[in-house]
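**Q** Okay, here's the structure, questions in a sec.
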Amino acid sequence: MPKIVLITGATSGFGKSCAYKFATHGYDLILNGRRADRLQKLADEIENKYNVAVLQLPFDVREEKAVFESISSIPEEWKAIDVLVNNAGLALGRDYFEEADISDWNTMIDTNVKGFLYVAKAVSQIMAVRKKGHIINMGSIAGKEVYEKGNVYCATKFAVDAISQGMRIDLLRHNIKVTSINPGAAETEFSLVRFKGDEGTAKQIYDGLTPLTGDDVAEVIYYCASLPPHVCINDLSITCLQQANTIYFNRKLNS
Ligand code: NDP
Ligand code: 8X3
């Protein structure tokens, strides 16, 4: 029986790279994201290239009812989920605290904390029955250290860190592994989303850097998922060589 991975936020960035990575290793894929057209394209590409099956599961992680209904409606033969990559998320804005947009804060909290929780709970209920499974939560180095104008985005990733620790304790009795992955700057659509389509500002984030890519992060996620059943990486931070933490970079400008 092929293993099954459910990936949220698979229409772009880390999630999309994970879809390809797990497919190359023979996993069947349950892929989530809001953009159904992108999910369809990705599913077609992967099914044509790899000998795996893909189930598309489009929903908005912020919609509690949709999350629980979608996950409980997964056909029985797909319910033996071995790995959840709980990845869907975003930053919106990078503003001083008193100037930031409250609707940006609400969207980040609703997506990165509440939506993240809904998905984790729905899937852990299934894994608890099977007494096995691996939940890989997408944290960030922003969940380890706050930076200027990072305020609420950082807070949502600190929440992911705390929730991952809590899940690891509470799901211990069900043999469910919980891993938190904490990347630094990675060039995906993350900054384009954060700066609301402003390509110039988004690009500046990576000026003078060879940043992480989606594929780099997917490689690490797959490594965590591929370890022997008794081994669990609890918490893993990863940056590019030119980033020490959320603040210190060694940018090679004009070279
Ligand atoms: P991308 O913008 O490239 O991808 C984000 C993915 O999340 C998309 O597939 C998007 O799909 C999905 N998503 C966003 N909101 C929702 C929602 N409400 N419901 C369902 N899916 C949603 O960014 P990344 O791949 O970089 O980001 C993935 C995760 O990694 C995020 O949690 C982010 O915080 C985290 N991260 C990113 C870093 C970086 O520098 N890139 C570093 C550290 C962590 P769609 O729009 O189709 O719904
Ligand atoms: C994304 C990394 O440093 O831009 O989580 O917040 S950072």
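Labels for the structure tokens follow display order: chains A, B, ..., residues from 1 in each chain, ligands from 1.
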Pick out the residues no farther than 6 Å from ligand 2, counting only C-alpha atoms and all ligand atoms, and list them as a PDB file with N, CA, C and O atoms, in the first residue's frame.
**A**
```
ATOM      1  N   SER A 140       8.407  28.830  11.784  1.00  0.00           N
ATOM      2  CA  SER A 140       9.288  29.794  11.124  1.00  0.00           C
ATOM      3  C   SER A 140      10.330  30.214  12.147  1.00  0.00           C
ATOM      4  O   SER A 140      10.078  30.143  13.364  1.00  0.00           O
ATOM      5  N   ALA A 142      10.678  33.089  12.557  1.00  0.00           N
ATOM      6  CA  ALA A 142       9.896  34.204  13.132  1.00  0.00           C
ATOM      7  C   ALA A 142       9.102  33.752  14.352  1.00  0.00           C
ATOM      8  O   ALA A 142       8.568  34.587  15.087  1.00  0.00           O
ATOM      9  N   GLY A 184      13.993  30.007   7.626  1.00  0.00           N
ATOM     10  CA  GLY A 184      14.240  31.439   7.468  1.00  0.00           C
ATOM     11  C   GLY A 184      13.786  31.856   6.081  1.00  0.00           C
ATOM     12  O   GLY A 184      12.956  31.176   5.454  1.00  0.00           O
ATOM     13  N   ALA A 185      14.367  32.958   5.592  1.00  0.00           N
ATOM     14  CA  ALA A 185      13.911  33.532   4.318  1.00  0.00           C
ATOM     15  C   ALA A 185      13.997  32.515   3.175  1.00  0.00           C
ATOM     16  O   ALA A 185      15.057  31.955   2.908  1.00  0.00           O
ATOM     17  N   THR A 246      16.638  36.036  12.488  1.00  0.00           N
ATOM     18  CA  THR A 246      15.677  36.870  11.763  1.00  0.00           C
ATOM     19  C   THR A 246      16.241  38.260  11.443  1.00  0.00           C
ATOM     20  O   THR A 246      15.677  38.975  10.620  1.00  0.00           O
TER      21      THR A 246
END
```
**Q** Residues near region 15-28 of chain A, anyone? I mean within 6 Å using only C-alpha atoms, not counting same-chain ones fewer than 6 positions away, as a PDB file with all heavy atoms, in the first residue's frame.
**A**
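The resulting part10.pdb:
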```pdb
ATOM      1  N   PRO A   2       0.654   2.164  -0.950  1.00  0.00           N
ATOM      2  CA  PRO A   2       1.430   3.407  -0.910  1.00  0.00           C
ATOM      3  C   PRO A   2       1.078   4.225   0.334  1.00  0.00           C
ATOM      4  O   PRO A   2      -0.055   4.151   0.824  1.00  0.00           O
ATOM      5  CB  PRO A   2       0.976   4.163  -2.163  1.00  0.00           C
ATOM      6  CG  PRO A   2       0.064   3.277  -2.905  1.00  0.00           C
ATOM      7  CD  PRO A   2      -0.317   2.131  -2.026  1.00  0.00           C
ATOM      8  N   LYS A   3       2.043   4.964   0.814  1.00  0.00           N
ATOM      9  CA  LYS A   3       1.766   5.871   1.937  1.00  0.00           C
ATOM     10  C   LYS A   3       0.994   7.079   1.419  1.00  0.00           C
ATOM     11  O   LYS A   3       1.023   7.390   0.230  1.00  0.00           O
ATOM     12  CB  LYS A   3       3.072   6.302   2.584  1.00  0.00           C
ATOM     13  CG  LYS A   3       3.736   5.181   3.365  1.00  0.00           C
ATOM     14  CD  LYS A   3       4.897   5.738   4.143  1.00  0.00           C
ATOM     15  CE  LYS A   3       5.428   4.711   5.110  1.00  0.00           C
ATOM     16  NZ  LYS A   3       6.554   5.233   5.880  1.00  0.00           N
ATOM     17  N   ILE A   4       0.327   7.771   2.362  1.00  0.00           N
ATOM     18  CA  ILE A   4      -0.497   8.936   1.995  1.00  0.00           C
ATOM     19  C   ILE A   4      -0.019  10.157   2.774  1.00  0.00           C
ATOM     20  O   ILE A   4       0.179  10.090   3.995  1.00  0.00           O
ATOM     21  CB  ILE A   4      -1.981   8.662   2.312  1.00  0.00           C
ATOM     22  CG1 ILE A   4      -2.496   7.489   1.466  1.00  0.00           C
ATOM     23  CG2 ILE A   4      -2.830   9.914   2.100  1.00  0.00           C
ATOM     24  CD1 ILE A   4      -3.915   7.038   1.809  1.00  0.00           C
ATOM     25  N   GLY A   9      -1.869  24.071   1.641  1.00  0.00           N
ATOM     26  CA  GLY A   9      -1.087  25.122   0.981  1.00  0.00           C
ATOM     27  C   GLY A   9      -0.198  24.530  -0.099  1.00  0.00           C
ATOM     28  O   GLY A   9       0.979  24.895  -0.227  1.00  0.00           O
ATOM     29  N   VAL A  52       1.543   7.836  -9.047  1.00  0.00           N
ATOM     30  CA  VAL A  52       0.866   8.023  -7.753  1.00  0.00           C
ATOM     31  C   VAL A  52      -0.530   8.601  -8.012  1.00  0.00           C
ATOM     32  O   VAL A  52      -0.802   9.138  -9.079  1.00  0.00           O
ATOM     33  CB  VAL A  52       1.652   8.980  -6.818  1.00  0.00           C
ATOM     34  CG1 VAL A  52       3.050   8.455  -6.527  1.00  0.00           C
ATOM     35  CG2 VAL A  52       1.714  10.391  -7.384  1.00  0.00           C
ATOM     36  N   ALA A  53      -1.392   8.491  -6.998  1.00  0.00           N
ATOM     37  CA  ALA A  53      -2.738   9.055  -7.107  1.00  0.00           C
ATOM     38  C   ALA A  53      -2.803  10.373  -6.347  1.00  0.00           C
ATOM     39  O   ALA A  53      -2.110  10.554  -5.331  1.00  0.00           O
ATOM     40  CB  ALA A  53      -3.751   8.069  -6.539  1.00  0.00           C
ATOM     41  N   VAL A  54      -3.635  11.279  -6.835  1.00  0.00           N
ATOM     42  CA  VAL A  54      -3.789  12.590  -6.183  1.00  0.00           C
ATOM     43  C   VAL A  54      -5.263  12.843  -5.917  1.00  0.00           C
ATOM     44  O   VAL A  54      -6.106  12.696  -6.808  1.00  0.00           O
ATOM     45  CB  VAL A  54      -3.221  13.729  -7.070  1.00  0.00           C
ATOM     46  CG1 VAL A  54      -3.385  15.075  -6.370  1.00  0.00           C
ATOM     47  CG2 VAL A  54      -1.755  13.486  -7.418  1.00  0.00           C
ATOM     48  N   GLY A 214      11.777  26.566  -2.102  1.00  0.00           N
ATOM     49  CA  GLY A 214      10.752  25.609  -1.684  1.00  0.00           C
ATOM     50  C   GLY A 214      11.303  24.195  -1.684  1.00  0.00           C
ATOM     51  O   GLY A 214      11.020  23.397  -0.772  1.00  0.00           O
ATOM     52  N   ASP A 215      12.118  23.895  -2.689  1.00  0.00           N
ATOM     53  CA  ASP A 215      12.673  22.536  -2.787  1.00  0.00           C
ATOM     54  C   ASP A 215      13.622  22.227  -1.626  1.00  0.00           C
ATOM     55  O   ASP A 215      13.666  21.100  -1.144  1.00  0.00           O
ATOM     56  CB  ASP A 215      13.418  22.353  -4.119  1.00  0.00           C
ATOM     57  CG  ASP A 215      12.456  22.302  -5.304  1.00  0.00           C
ATOM     58  OD1 ASP A 215      11.229  22.227  -5.094  1.00  0.00           O
ATOM     59  OD2 ASP A 215      12.944  22.335  -6.448  1.00  0.00           O
ATOM     60  N   ALA A 218      11.379  21.406   1.239  1.00  0.00           N
ATOM     61  CA  ALA A 218      10.703  20.112   1.022  1.00  0.00           C
ATOM     62  C   ALA A 218      11.653  18.948   1.267  1.00  0.00           C
ATOM     63  O   ALA A 218      11.270  17.912   1.811  1.00  0.00           O
ATOM     64  CB  ALA A 218      10.148  20.051  -0.398  1.00  0.00           C
TER      65      ALA A 218
END
```
**Q** Find the spatial neighbours of Arg94 (chain A), counting only C-alpha atoms, within a cut-off of 8 Å - ignore same-chain residues fewer than 5 positions away - and output them as a CSV table (one decimal) with N, CA, C and O atoms, in the first residue's frame.
**A**
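So around_3.csv came out as:
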```csv
chain,number,residue,atom,x,y,z
A,100,ALA,N,-0.1,49.2,11.9
A,100,ALA,CA,-0.5,48.0,11.1
A,100,ALA,C,-2.0,47.9,10.9
A,100,ALA,O,-2.7,48.5,11.7
A,149,LYS,N,8.7,45.2,13.1
A,149,LYS,CA,7.6,45.1,12.2
A,149,LYS,C,7.0,43.7,11.9
A,149,LYS,O,6.2,43.5,11.0
A,150,GLY,N,7.6,42.8,12.7
A,150,GLY,CA,7.1,41.4,12.5
A,150,GLY,C,5.9,41.1,13.4
A,150,GLY,O,5.2,40.0,13.2
A,194,ARG,N,2.9,38.9,1.1
A,194,ARG,CA,3.0,39.8,2.3
A,194,ARG,C,2.9,41.2,1.8
A,194,ARG,O,2.3,42.0,2.5
A,195,PHE,N,3.5,41.6,0.7
A,195,PHE,CA,3.5,43.0,0.2
A,195,PHE,C,2.5,43.2,-0.8
A,195,PHE,O,2.5,44.1,-1.6
```
**Q** Which polymer residues have any atom within 10 Å of an atom of Met108 (chain A), counting only C-alpha atoms, with same-chain residues fewer than 4 positions away left out, as a compact mmCIF listing (two decimals) with C-alpha atoms, in the first residue's frame?
**A**
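Below is the file around.txt, written as the result:
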```txt
# COMPACT_ATOMS: atom_id res chain seq x y z
CA ARG A 62 -10.07 29.57 8.00
CA GLY A 89 -0.17 30.19 5.94
CA LEU A 90 0.86 33.72 5.14
CA ALA A 91 2.20 37.03 6.32
CA LEU A 92 0.32 40.20 5.46
CA GLY A 93 2.09 43.53 5.79
CA ILE A 102 -6.08 45.17 11.85
CA SER A 103 -7.61 43.20 9.00
CA ASP A 104 -4.10 41.91 8.17
CA ASN A 112 -1.84 30.67 10.73
CA VAL A 113 -3.33 29.89 14.14
CA LYS A 114 -7.02 29.03 13.89
CA GLY A 115 -6.95 27.37 10.45
CA VAL A 152 1.65 39.70 14.73
CA TYR A 153 3.13 37.45 12.03
CA CYS A 154 5.83 36.48 14.55
CA ALA A 155 3.14 35.95 17.19
CA THR A 156 1.29 33.50 14.95
CA LYS A 157 4.49 31.52 14.44
```
**Q** Looking at A:Pro183, A:Gly166, A:Gly197, A:Pro58, which one is nearest to ligand 1, with distances taken over only C-alpha atoms and all ligand atoms?
**A**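 The shortest atom-to-atom distance to ligand 1 comes from A:Pro183.
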**Q** Return the single residue from A:Ala43, A:Leu29, A:Ile126, A:Val217 that is closest to ligand 1, with distances computed using only C-alpha atoms and all ligand atoms.
**A**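 Closest to ligand 1, using only C-alpha atoms and all ligand atoms: A:Val217.
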**Q** Which distance in Å separates atom 5 (C, counted along the ligand's line) of ligand 1 and CA of Thr179 (chain A), to one decimal?
**A**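 Atom 5 (C, counted along the ligand's line) of ligand 1 sits 18.9 Å away from CA of Thr179 (chain A).
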**Q** Would you mind telling me which residue in A:Glu145, A:Glu189, A:Asp82, A:Asp44 lies nearest to ligand 1 when using only C-alpha atoms and all ligand atoms?
**A**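 Closest to ligand 1, using only C-alpha atoms and all ligand atoms: A:Glu189.
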**Q** Check the smallest atom-to-atom distance from each of A:Ile74, A:Ile135, A:Ile176, A:Ile181 to ligand 1 using only C-alpha atoms and all ligand atoms, then report the winner.
**A** A:Ile181
**Q** Pick the closest to ligand 1 from A:Tyr50, A:Phe59, A:Trp78, A:Tyr118: which is it, counting only C-alpha atoms and all ligand atoms?
**A**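 Comparing A:Tyr50, A:Phe59, A:Trp78, A:Tyr118 against ligand 1, the winner is A:Phe59.
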**Q** Measuring atom to atom with only C-alpha atoms, identify which of A:Ala36, A:Met138, A:Ile238, A:Val129 is nearest to Asn87 (chain A).
**A**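 Using only C-alpha atoms, the shortest distance to Asn87 (chain A) belongs to A:Met138.
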**Q** Looking only at the backbone, which of the residues in region 31-101 of chain A does DSSP tag as alpha helix (DSSP H), as a list in words?
**A**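 Reading the DSSP output for region 31-101 of chain A, alpha helix (DSSP H) covers Ala36, Asp37, Arg38, Leu39, Gln40, Lys41, Leu42, Ala43, Asp44, Glu45, Ile46, Glu47, Asn48, Lys49, Glu64, Lys65, Ala66, Val67, Phe68, Glu69, Ser70, Ile71 and Ser72 of chain A.
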**Q** Any chance you can output those residues with C-alpha atoms as a compact mmCIF listing (two decimals), in the first residue's frame?
**A**
```
# COMPACT_ATOMS: atom_id res chain seq x y z
CA ALA A 36 -8.76 25.01 -7.34
CA ASP A 37 -7.35 25.74 -10.82
CA ARG A 38 -3.80 25.46 -9.51
CA LEU A 39 -4.64 22.27 -7.62
CA GLN A 40 -6.04 20.75 -10.80
CA LYS A 41 -2.93 21.67 -12.80
CA LEU A 42 -0.63 20.31 -10.12
CA ALA A 43 -2.61 17.08 -9.79
CA ASP A 44 -2.52 16.58 -13.59
CA GLU A 45 1.25 17.22 -13.74
CA ILE A 46 2.04 14.88 -10.87
CA GLU A 47 -0.25 12.09 -12.02
CA ASN A 48 1.25 12.28 -15.53
CA LYS A 49 4.83 12.22 -14.27
CA GLU A 64 -13.92 25.69 10.49
CA LYS A 65 -16.93 23.85 9.07
CA ALA A 66 -15.35 23.40 5.64
CA VAL A 67 -12.15 22.03 7.18
CA PHE A 68 -13.89 19.41 9.32
CA GLU A 69 -16.42 18.47 6.63
CA SER A 70 -13.79 18.20 3.89
CA ILE A 71 -11.46 16.07 5.98
CA SER A 72 -14.22 13.79 7.26
```
**Q** Quick one: pick out all strand (DSSP E) residues within region 33-228 of chain A from a backbone DSSP run and write them as a PDB file with N, CA, C and O atoms, in the first residue's frame.
**A**
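Just written: selection_10.pdb:
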```
ATOM      1  N   VAL A  54      -3.635  11.279  -6.835  1.00  0.00           N
ATOM      2  CA  VAL A  54      -3.789  12.590  -6.183  1.00  0.00           C
ATOM      3  C   VAL A  54      -5.263  12.843  -5.917  1.00  0.00           C
ATOM      4  O   VAL A  54      -6.106  12.696  -6.808  1.00  0.00           O
ATOM      5  N   LEU A  55      -5.564  13.228  -4.683  1.00  0.00           N
ATOM      6  CA  LEU A  55      -6.930  13.643  -4.320  1.00  0.00           C
ATOM      7  C   LEU A  55      -6.888  15.144  -4.037  1.00  0.00           C
ATOM      8  O   LEU A  55      -6.103  15.597  -3.188  1.00  0.00           O
ATOM      9  N   GLN A  56      -7.704  15.890  -4.769  1.00  0.00           N
ATOM     10  CA  GLN A  56      -7.727  17.341  -4.543  1.00  0.00           C
ATOM     11  C   GLN A  56      -8.741  17.669  -3.449  1.00  0.00           C
ATOM     12  O   GLN A  56      -9.871  17.192  -3.478  1.00  0.00           O
ATOM     13  N   VAL A  83       1.179  11.087   6.812  1.00  0.00           N
ATOM     14  CA  VAL A  83       1.877  12.353   7.099  1.00  0.00           C
ATOM     15  C   VAL A  83       0.952  13.522   6.775  1.00  0.00           C
ATOM     16  O   VAL A  83       0.305  13.540   5.723  1.00  0.00           O
ATOM     17  N   LEU A  84       0.879  14.475   7.687  1.00  0.00           N
ATOM     18  CA  LEU A  84       0.229  15.767   7.411  1.00  0.00           C
ATOM     19  C   LEU A  84       1.324  16.822   7.351  1.00  0.00           C
ATOM     20  O   LEU A  84       2.099  16.963   8.312  1.00  0.00           O
ATOM     21  N   VAL A  85       1.383  17.549   6.250  1.00  0.00           N
ATOM     22  CA  VAL A  85       2.247  18.736   6.202  1.00  0.00           C
ATOM     23  C   VAL A  85       1.307  19.932   6.372  1.00  0.00           C
ATOM     24  O   VAL A  85       0.592  20.324   5.442  1.00  0.00           O
ATOM     25  N   ASN A  86       1.267  20.451   7.582  1.00  0.00           N
ATOM     26  CA  ASN A  86       0.315  21.504   7.977  1.00  0.00           C
ATOM     27  C   ASN A  86       0.977  22.852   7.696  1.00  0.00           C
ATOM     28  O   ASN A  86       1.552  23.480   8.585  1.00  0.00           O
ATOM     29  N   GLY A 133       1.004   8.072  12.881  1.00  0.00           N
ATOM     30  CA  GLY A 133       0.928   9.224  11.988  1.00  0.00           C
ATOM     31  C   GLY A 133       2.023  10.225  12.340  1.00  0.00           C
ATOM     32  O   GLY A 133       2.665  10.130  13.392  1.00  0.00           O
ATOM     33  N   HIS A 134       2.212  11.166  11.424  1.00  0.00           N
ATOM     34  CA  HIS A 134       3.271  12.167  11.604  1.00  0.00           C
ATOM     35  C   HIS A 134       2.718  13.523  11.167  1.00  0.00           C
ATOM     36  O   HIS A 134       2.308  13.671  10.007  1.00  0.00           O
ATOM     37  N   ILE A 135       2.680  14.442  12.091  1.00  0.00           N
ATOM     38  CA  ILE A 135       2.211  15.801  11.763  1.00  0.00           C
ATOM     39  C   ILE A 135       3.423  16.730  11.711  1.00  0.00           C
ATOM     40  O   ILE A 135       4.166  16.845  12.695  1.00  0.00           O
ATOM     41  N   ILE A 136       3.587  17.345  10.553  1.00  0.00           N
ATOM     42  CA  ILE A 136       4.719  18.270  10.371  1.00  0.00           C
ATOM     43  C   ILE A 136       4.146  19.674  10.243  1.00  0.00           C
ATOM     44  O   ILE A 136       3.444  19.997   9.270  1.00  0.00           O
ATOM     45  N   ASN A 137       4.369  20.468  11.262  1.00  0.00           N
ATOM     46  CA  ASN A 137       3.801  21.820  11.326  1.00  0.00           C
ATOM     47  C   ASN A 137       4.785  22.836  10.772  1.00  0.00           C
ATOM     48  O   ASN A 137       5.985  22.774  11.079  1.00  0.00           O
ATOM     49  N   MET A 138       4.267  23.790   9.990  1.00  0.00           N
ATOM     50  CA  MET A 138       5.136  24.807   9.419  1.00  0.00           C
ATOM     51  C   MET A 138       5.236  26.002  10.360  1.00  0.00           C
ATOM     52  O   MET A 138       4.334  26.823  10.460  1.00  0.00           O
ATOM     53  N   ILE A 176       1.701   9.451  17.779  1.00  0.00           N
ATOM     54  CA  ILE A 176       1.751  10.403  16.653  1.00  0.00           C
ATOM     55  C   ILE A 176       2.975  11.304  16.821  1.00  0.00           C
ATOM     56  O   ILE A 176       3.154  11.937  17.868  1.00  0.00           O
ATOM     57  N   LYS A 177       3.787  11.341  15.778  1.00  0.00           N
ATOM     58  CA  LYS A 177       4.961  12.222  15.796  1.00  0.00           C
ATOM     59  C   LYS A 177       4.526  13.657  15.485  1.00  0.00           C
ATOM     60  O   LYS A 177       3.667  13.850  14.613  1.00  0.00           O
ATOM     61  N   VAL A 178       5.139  14.614  16.140  1.00  0.00           N
ATOM     62  CA  VAL A 178       4.888  16.024  15.805  1.00  0.00           C
ATOM     63  C   VAL A 178       6.237  16.722  15.601  1.00  0.00           C
ATOM     64  O   VAL A 178       7.076  16.743  16.500  1.00  0.00           O
ATOM     65  N   THR A 179       6.399  17.247  14.413  1.00  0.00           N
ATOM     66  CA  THR A 179       7.643  17.946  14.052  1.00  0.00           C
ATOM     67  C   THR A 179       7.301  19.381  13.703  1.00  0.00           C
ATOM     68  O   THR A 179       6.330  19.636  12.988  1.00  0.00           O
ATOM     69  N   SER A 180       8.101  20.305  14.203  1.00  0.00           N
ATOM     70  CA  SER A 180       7.944  21.708  13.802  1.00  0.00           C
ATOM     71  C   SER A 180       9.153  22.097  12.945  1.00  0.00           C
ATOM     72  O   SER A 180      10.295  21.911  13.362  1.00  0.00           O
ATOM     73  N   ILE A 181       8.873  22.600  11.749  1.00  0.00           N
ATOM     74  CA  ILE A 181       9.946  23.037  10.827  1.00  0.00           C
ATOM     75  C   ILE A 181       9.945  24.561  10.817  1.00  0.00           C
ATOM     76  O   ILE A 181       8.894  25.185  10.608  1.00  0.00           O
ATOM     77  N   ASN A 182      11.111  25.140  11.008  1.00  0.00           N
ATOM     78  CA  ASN A 182      11.202  26.600  11.146  1.00  0.00           C
ATOM     79  C   ASN A 182      12.184  27.194  10.141  1.00  0.00           C
ATOM     80  O   ASN A 182      13.355  27.391  10.456  1.00  0.00           O
ATOM     81  N   PRO A 183      11.704  27.490   8.930  1.00  0.00           N
ATOM     82  CA  PRO A 183      12.621  28.060   7.939  1.00  0.00           C
ATOM     83  C   PRO A 183      12.841  29.559   8.134  1.00  0.00           C
ATOM     84  O   PRO A 183      11.986  30.276   8.670  1.00  0.00           O
TER      85      PRO A 183
END
```
**Q** Mind giving me the straight-line distance from CA of Ile141 (chain A) to CA of Ala159 (chain A) in Å, one decimal?
**A** 12.2 Å
